[in-house]
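Take a look at the structure set out below.
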Amino acid sequence: MKTRVTQLLGIRFPVIQGGLAYLAYSDLAAAVSNAGGLGQITAMTLPSPEHLREEIRRVKVLTDKPFGVNFAIGQHGRPYEEMLEVALEEKVQVISITGGNPKPLIDRMKNHPVKKLVLVAAVRQAQKAEELGADAVMVVGHEGGGHLGRDDTGTIVLTRKVVRSVSIPVIASGGIADGYGLMAALALGAEGVEMGTRFIATKECVHAHEKYKRAIVEGSESDTVVIKRSLGAPGRALATSLTTRILDLEKQGVGYEGLKELISGETNRKYIYLGDEEAGFGWAGQAIGLIDDIPTVQELFERIEKETKEVLEKWLKNL
């Protein structure tokens with residue numbers, strides 16, 4: 001499958017693995033790239049720049065295919081400058097930016113051949129990313145897992161609006177977990193997809209606790225909730241006893257001080273690493289309603305490719 005996204009990133013299939021805080025490390029990134037997509041390492045939940053360097057070098061041992069590094073600059077409250085320098089020094093082919101203002105990072109990368117992707121949740125954000133020099137935008141709709149835009153606009157409408165508003169390639173994200181979702185995105189004018197939740201429920205996502213993976217497989221699209229809306233930073237997570245507590249506190253108007261311990265990275269890790277749903281939470285999108293198993297990444301890509309061919313054959317048959 002050839003699109004501007006596959007040509008831009010040097011990949012065989014237009015599927016990008018999401019940043020996945022605390023989970024997207026070398027094993028998963030290399031597996032996705034080897035399968036034909038674009039794997040990514042998450043930078044800002046690593047302990048130090050040297051840990052990032054180690055992860056990048058490990059991916060290079062595991063694959064000779066392109067891969068990226070994701071910078072979630074808005075949620076973790078840490079300086080990213082040294083991390084970015086490591087990624088540039090190691091000649092990473094792709095850098096994606098999620099959350100916060102991408103301008104300082106894009107400005108720093110202007111004299112480097114690295115491809116720049118920016119995650120957006122609104123038309124104006126996409127237009128601004130293009131003005132700043134992004135090579136492509138990833139558009140996340142309200143169905144997505146993790147942090148979302150403040151508007152409750154779904155992936156179908158938002159993707160189409162952004163495609164009509166920018167000239168650079170658009171990558172659809174949110175509620176996509178299979179080849180049917182990929183073909184739907186292409187029909188809207190997108191030229192690839194980003195998937196996050198689907199890649200958590202794979203064998204190569206080795207950091208994710210089995211209980212987290214099973215909750216994704218066994219849950220339905222109604223088993224997620226949006227937390228942190230009262231803080232202006234909404235994010236979609238699995239519905240657990242802890243997220244119920246968070247939502248109750250938000251209704252009480254406790255503000256950031258009343259929520260900070262419950263929404264911290266440490267609390268997130270208690271669930272995704274240890275499976276403790278009483279003390280932690282895990283991000284997940286509505287795509288859990290489409291996920292029924294825990295395959296290898298290679299098996300997942302083979303299935304996606306088969307599904308895209310099925311859709312295309314059906315379209316051609318009905319013309």
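Labeling convention for the structure tokens: chains A, B, ... as they appear, residues from 1 per chain, ligands from 1 in order of appearance.
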
Just want the 6 Å neighbourhood of stretch 131-146 of chain A, counted on only C-alpha atoms, with same-chain residues fewer than 5 positions away dropped. Output as a compact mmCIF listing (two decimals) with C-alpha atoms, in the first residue's frame.
```txt
# COMPACT_ATOMS: atom_id res chain seq x y z
CA LYS A 116 8.21 15.72 12.05
CA LEU A 117 4.74 14.48 13.03
CA VAL A 118 2.38 16.46 15.27
CA LEU A 119 -0.69 15.08 17.04
CA VAL A 120 -3.66 17.47 16.86
CA ALA A 121 -7.26 17.44 18.05
CA ASP A 152 -15.98 15.95 21.80
CA THR A 153 -15.50 15.62 18.04
CA GLY A 154 -15.31 12.08 16.69
CA THR A 155 -12.59 10.73 14.44
CA ILE A 168 0.31 17.89 4.29
CA PRO A 169 -0.57 14.21 4.86
CA VAL A 170 -3.13 13.42 7.54
CA ILE A 171 -2.97 10.35 9.79
CA ALA A 172 -6.22 9.35 11.53
CA SER A 173 -6.24 8.23 15.17
CA GLY A 174 -8.92 7.23 17.65
CA GLY A 175 -11.20 4.21 17.49
CA GLY A 235 -8.15 11.68 28.74
CA ARG A 236 -9.89 8.37 28.08
CA TRP A 283 -5.45 4.61 29.37
CA ALA A 284 -7.55 2.98 26.64
CA GLY A 285 -9.77 4.07 23.78
CA GLN A 286 -13.19 2.91 22.61
```

Original post:
Which residues come within 7 Å of stretch 214-226 of chain A, counting only C-alpha atoms, excluding same-chain residues fewer than 3 positions away, as an NGL selection string?
Top reply: :A and (201 or 210-211 or 229 or 234-239 or 284-289 or 291-293)

Put those residues in a file: N, CA, C and O atoms, as a PDB file, in the first residue's frame.
```
ATOM      1  N   ALA A 201      -2.460  -4.532  23.524  1.00  0.00           N
ATOM      2  CA  ALA A 201      -2.873  -5.937  23.567  1.00  0.00           C
ATOM      3  C   ALA A 201      -2.142  -6.743  22.507  1.00  0.00           C
ATOM      4  O   ALA A 201      -2.752  -7.354  21.614  1.00  0.00           O
ATOM      5  N   GLU A 210      -0.618  -8.373  32.333  1.00  0.00           N
ATOM      6  CA  GLU A 210      -1.599  -9.239  31.689  1.00  0.00           C
ATOM      7  C   GLU A 210      -3.032  -8.815  32.023  1.00  0.00           C
ATOM      8  O   GLU A 210      -3.939  -8.921  31.193  1.00  0.00           O
ATOM      9  N   LYS A 211      -3.244  -8.322  33.238  1.00  0.00           N
ATOM     10  CA  LYS A 211      -4.585  -7.883  33.629  1.00  0.00           C
ATOM     11  C   LYS A 211      -5.035  -6.689  32.799  1.00  0.00           C
ATOM     12  O   LYS A 211      -6.225  -6.582  32.437  1.00  0.00           O
ATOM     13  N   ARG A 229     -11.418  15.978  32.740  1.00  0.00           N
ATOM     14  CA  ARG A 229     -12.106  17.008  31.961  1.00  0.00           C
ATOM     15  C   ARG A 229     -12.173  18.322  32.739  1.00  0.00           C
ATOM     16  O   ARG A 229     -12.052  19.399  32.161  1.00  0.00           O
ATOM     17  N   PRO A 234      -8.697  16.483  29.159  1.00  0.00           N
ATOM     18  CA  PRO A 234      -9.431  15.211  29.169  1.00  0.00           C
ATOM     19  C   PRO A 234      -8.621  14.055  28.609  1.00  0.00           C
ATOM     20  O   PRO A 234      -7.844  14.223  27.669  1.00  0.00           O
ATOM     21  N   GLY A 235      -8.808  12.874  29.220  1.00  0.00           N
ATOM     22  CA  GLY A 235      -8.147  11.679  28.737  1.00  0.00           C
ATOM     23  C   GLY A 235      -9.044  10.474  28.951  1.00  0.00           C
ATOM     24  O   GLY A 235      -9.743  10.386  29.969  1.00  0.00           O
ATOM     25  N   ARG A 236      -9.016   9.544  28.005  1.00  0.00           N
ATOM     26  CA  ARG A 236      -9.886   8.374  28.080  1.00  0.00           C
ATOM     27  C   ARG A 236      -9.132   7.183  28.673  1.00  0.00           C
ATOM     28  O   ARG A 236      -8.042   6.833  28.224  1.00  0.00           O
ATOM     29  N   ALA A 237      -9.748   6.567  29.691  1.00  0.00           N
ATOM     30  CA  ALA A 237      -9.142   5.447  30.410  1.00  0.00           C
ATOM     31  C   ALA A 237     -10.158   4.329  30.590  1.00  0.00           C
ATOM     32  O   ALA A 237     -11.370   4.532  30.448  1.00  0.00           O
ATOM     33  N   LEU A 238      -9.659   3.144  30.926  1.00  0.00           N
ATOM     34  CA  LEU A 238     -10.544   2.044  31.290  1.00  0.00           C
ATOM     35  C   LEU A 238     -11.350   2.426  32.524  1.00  0.00           C
ATOM     36  O   LEU A 238     -10.820   3.061  33.452  1.00  0.00           O
ATOM     37  N   ALA A 239     -12.603   2.032  32.540  1.00  0.00           N
ATOM     38  CA  ALA A 239     -13.448   2.291  33.708  1.00  0.00           C
ATOM     39  C   ALA A 239     -13.062   1.324  34.830  1.00  0.00           C
ATOM     40  O   ALA A 239     -13.158   0.111  34.674  1.00  0.00           O
ATOM     41  N   ALA A 284      -7.035   3.848  27.707  1.00  0.00           N
ATOM     42  CA  ALA A 284      -7.553   2.981  26.640  1.00  0.00           C
ATOM     43  C   ALA A 284      -8.659   3.708  25.900  1.00  0.00           C
ATOM     44  O   ALA A 284      -9.416   4.479  26.487  1.00  0.00           O
ATOM     45  N   GLY A 285      -8.749   3.450  24.593  1.00  0.00           N
ATOM     46  CA  GLY A 285      -9.775   4.072  23.779  1.00  0.00           C
ATOM     47  C   GLY A 285     -10.963   3.164  23.554  1.00  0.00           C
ATOM     48  O   GLY A 285     -10.967   1.992  23.945  1.00  0.00           O
ATOM     49  N   GLN A 286     -11.977   3.694  22.897  1.00  0.00           N
ATOM     50  CA  GLN A 286     -13.185   2.913  22.615  1.00  0.00           C
ATOM     51  C   GLN A 286     -12.921   1.762  21.659  1.00  0.00           C
ATOM     52  O   GLN A 286     -13.754   0.863  21.528  1.00  0.00           O
ATOM     53  N   ALA A 287     -11.753   1.741  21.050  1.00  0.00           N
ATOM     54  CA  ALA A 287     -11.386   0.630  20.174  1.00  0.00           C
ATOM     55  C   ALA A 287     -11.313  -0.696  20.915  1.00  0.00           C
ATOM     56  O   ALA A 287     -11.258  -1.756  20.271  1.00  0.00           O
ATOM     57  N   ILE A 288     -11.354  -0.685  22.255  1.00  0.00           N
ATOM     58  CA  ILE A 288     -11.371  -1.966  22.971  1.00  0.00           C
ATOM     59  C   ILE A 288     -12.568  -2.815  22.548  1.00  0.00           C
ATOM     60  O   ILE A 288     -12.519  -4.040  22.636  1.00  0.00           O
ATOM     61  N   GLY A 289     -13.617  -2.178  22.066  1.00  0.00           N
ATOM     62  CA  GLY A 289     -14.771  -2.923  21.593  1.00  0.00           C
ATOM     63  C   GLY A 289     -14.492  -3.735  20.338  1.00  0.00           C
ATOM     64  O   GLY A 289     -15.279  -4.611  19.976  1.00  0.00           O
ATOM     65  N   ILE A 291     -11.326  -5.221  19.905  1.00  0.00           N
ATOM     66  CA  ILE A 291     -10.131  -6.024  20.190  1.00  0.00           C
ATOM     67  C   ILE A 291     -10.535  -7.288  20.940  1.00  0.00           C
ATOM     68  O   ILE A 291     -11.123  -7.210  22.022  1.00  0.00           O
ATOM     69  N   ASP A 292     -10.205  -8.437  20.372  1.00  0.00           N
ATOM     70  CA  ASP A 292     -10.650  -9.716  20.933  1.00  0.00           C
ATOM     71  C   ASP A 292      -9.516 -10.678  21.284  1.00  0.00           C
ATOM     72  O   ASP A 292      -9.780 -11.790  21.745  1.00  0.00           O
ATOM     73  N   ASP A 293      -8.273 -10.286  21.030  1.00  0.00           N
ATOM     74  CA  ASP A 293      -7.184 -11.225  21.288  1.00  0.00           C
ATOM     75  C   ASP A 293      -5.877 -10.481  21.536  1.00  0.00           C
ATOM     76  O   ASP A 293      -5.823  -9.251  21.468  1.00  0.00           O
TER      77      ASP A 293
END
```

Original post:
Contacts of A:Phe199 at 10 Å or less, counting only C-alpha atoms, minus same-chain residues fewer than 5 places along, as a ChimeraX atom specification?
Top reply: /A:16-18,20,23-24,28-29,32,177,204-205,213,294-297,300

Residues as selected, C-alpha atoms, written as a PDB file, in the first residue's frame, can you do that?
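What follows is the written file out_15.pdb:
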```pdb
ATOM      1  CA  ILE A  16       1.893   4.063  13.149  1.00  0.00           C
ATOM      2  CA  GLN A  17       2.167   2.817  16.709  1.00  0.00           C
ATOM      3  CA  GLY A  18       1.144   5.424  19.275  1.00  0.00           C
ATOM      4  CA  LEU A  20       1.943   4.841  24.814  1.00  0.00           C
ATOM      5  CA  LEU A  23       4.837   1.133  27.481  1.00  0.00           C
ATOM      6  CA  ALA A  24       6.278   2.069  24.066  1.00  0.00           C
ATOM      7  CA  LEU A  28       7.312  -3.067  20.753  1.00  0.00           C
ATOM      8  CA  ALA A  29       8.796  -0.376  18.500  1.00  0.00           C
ATOM      9  CA  VAL A  32       6.000  -2.774  14.631  1.00  0.00           C
ATOM     10  CA  ALA A 177      -7.906  -1.138  15.576  1.00  0.00           C
ATOM     11  CA  GLU A 204       5.501  -7.579  22.282  1.00  0.00           C
ATOM     12  CA  CYS A 205       4.052  -4.931  24.592  1.00  0.00           C
ATOM     13  CA  LYS A 213      -4.291  -6.558  28.366  1.00  0.00           C
ATOM     14  CA  ILE A 294      -3.504 -10.697  22.087  1.00  0.00           C
ATOM     15  CA  PRO A 295      -1.590 -11.549  18.907  1.00  0.00           C
ATOM     16  CA  THR A 296       2.019 -10.966  17.987  1.00  0.00           C
ATOM     17  CA  VAL A 297       2.558  -7.708  16.127  1.00  0.00           C
ATOM     18  CA  LEU A 300      -1.762  -8.318  13.717  1.00  0.00           C
TER      19      LEU A 300
END
```

Original post:
Near stretch 96-107 of chain A, within 9 Å and counting only C-alpha atoms, which residues show up once chain neighbours fewer than 2 positions away are dropped, as a PyMOL selection string?
Top reply: chain A and resi 19+40+68-75+80-81+84+94+109-111+115-120+129+132-134+147
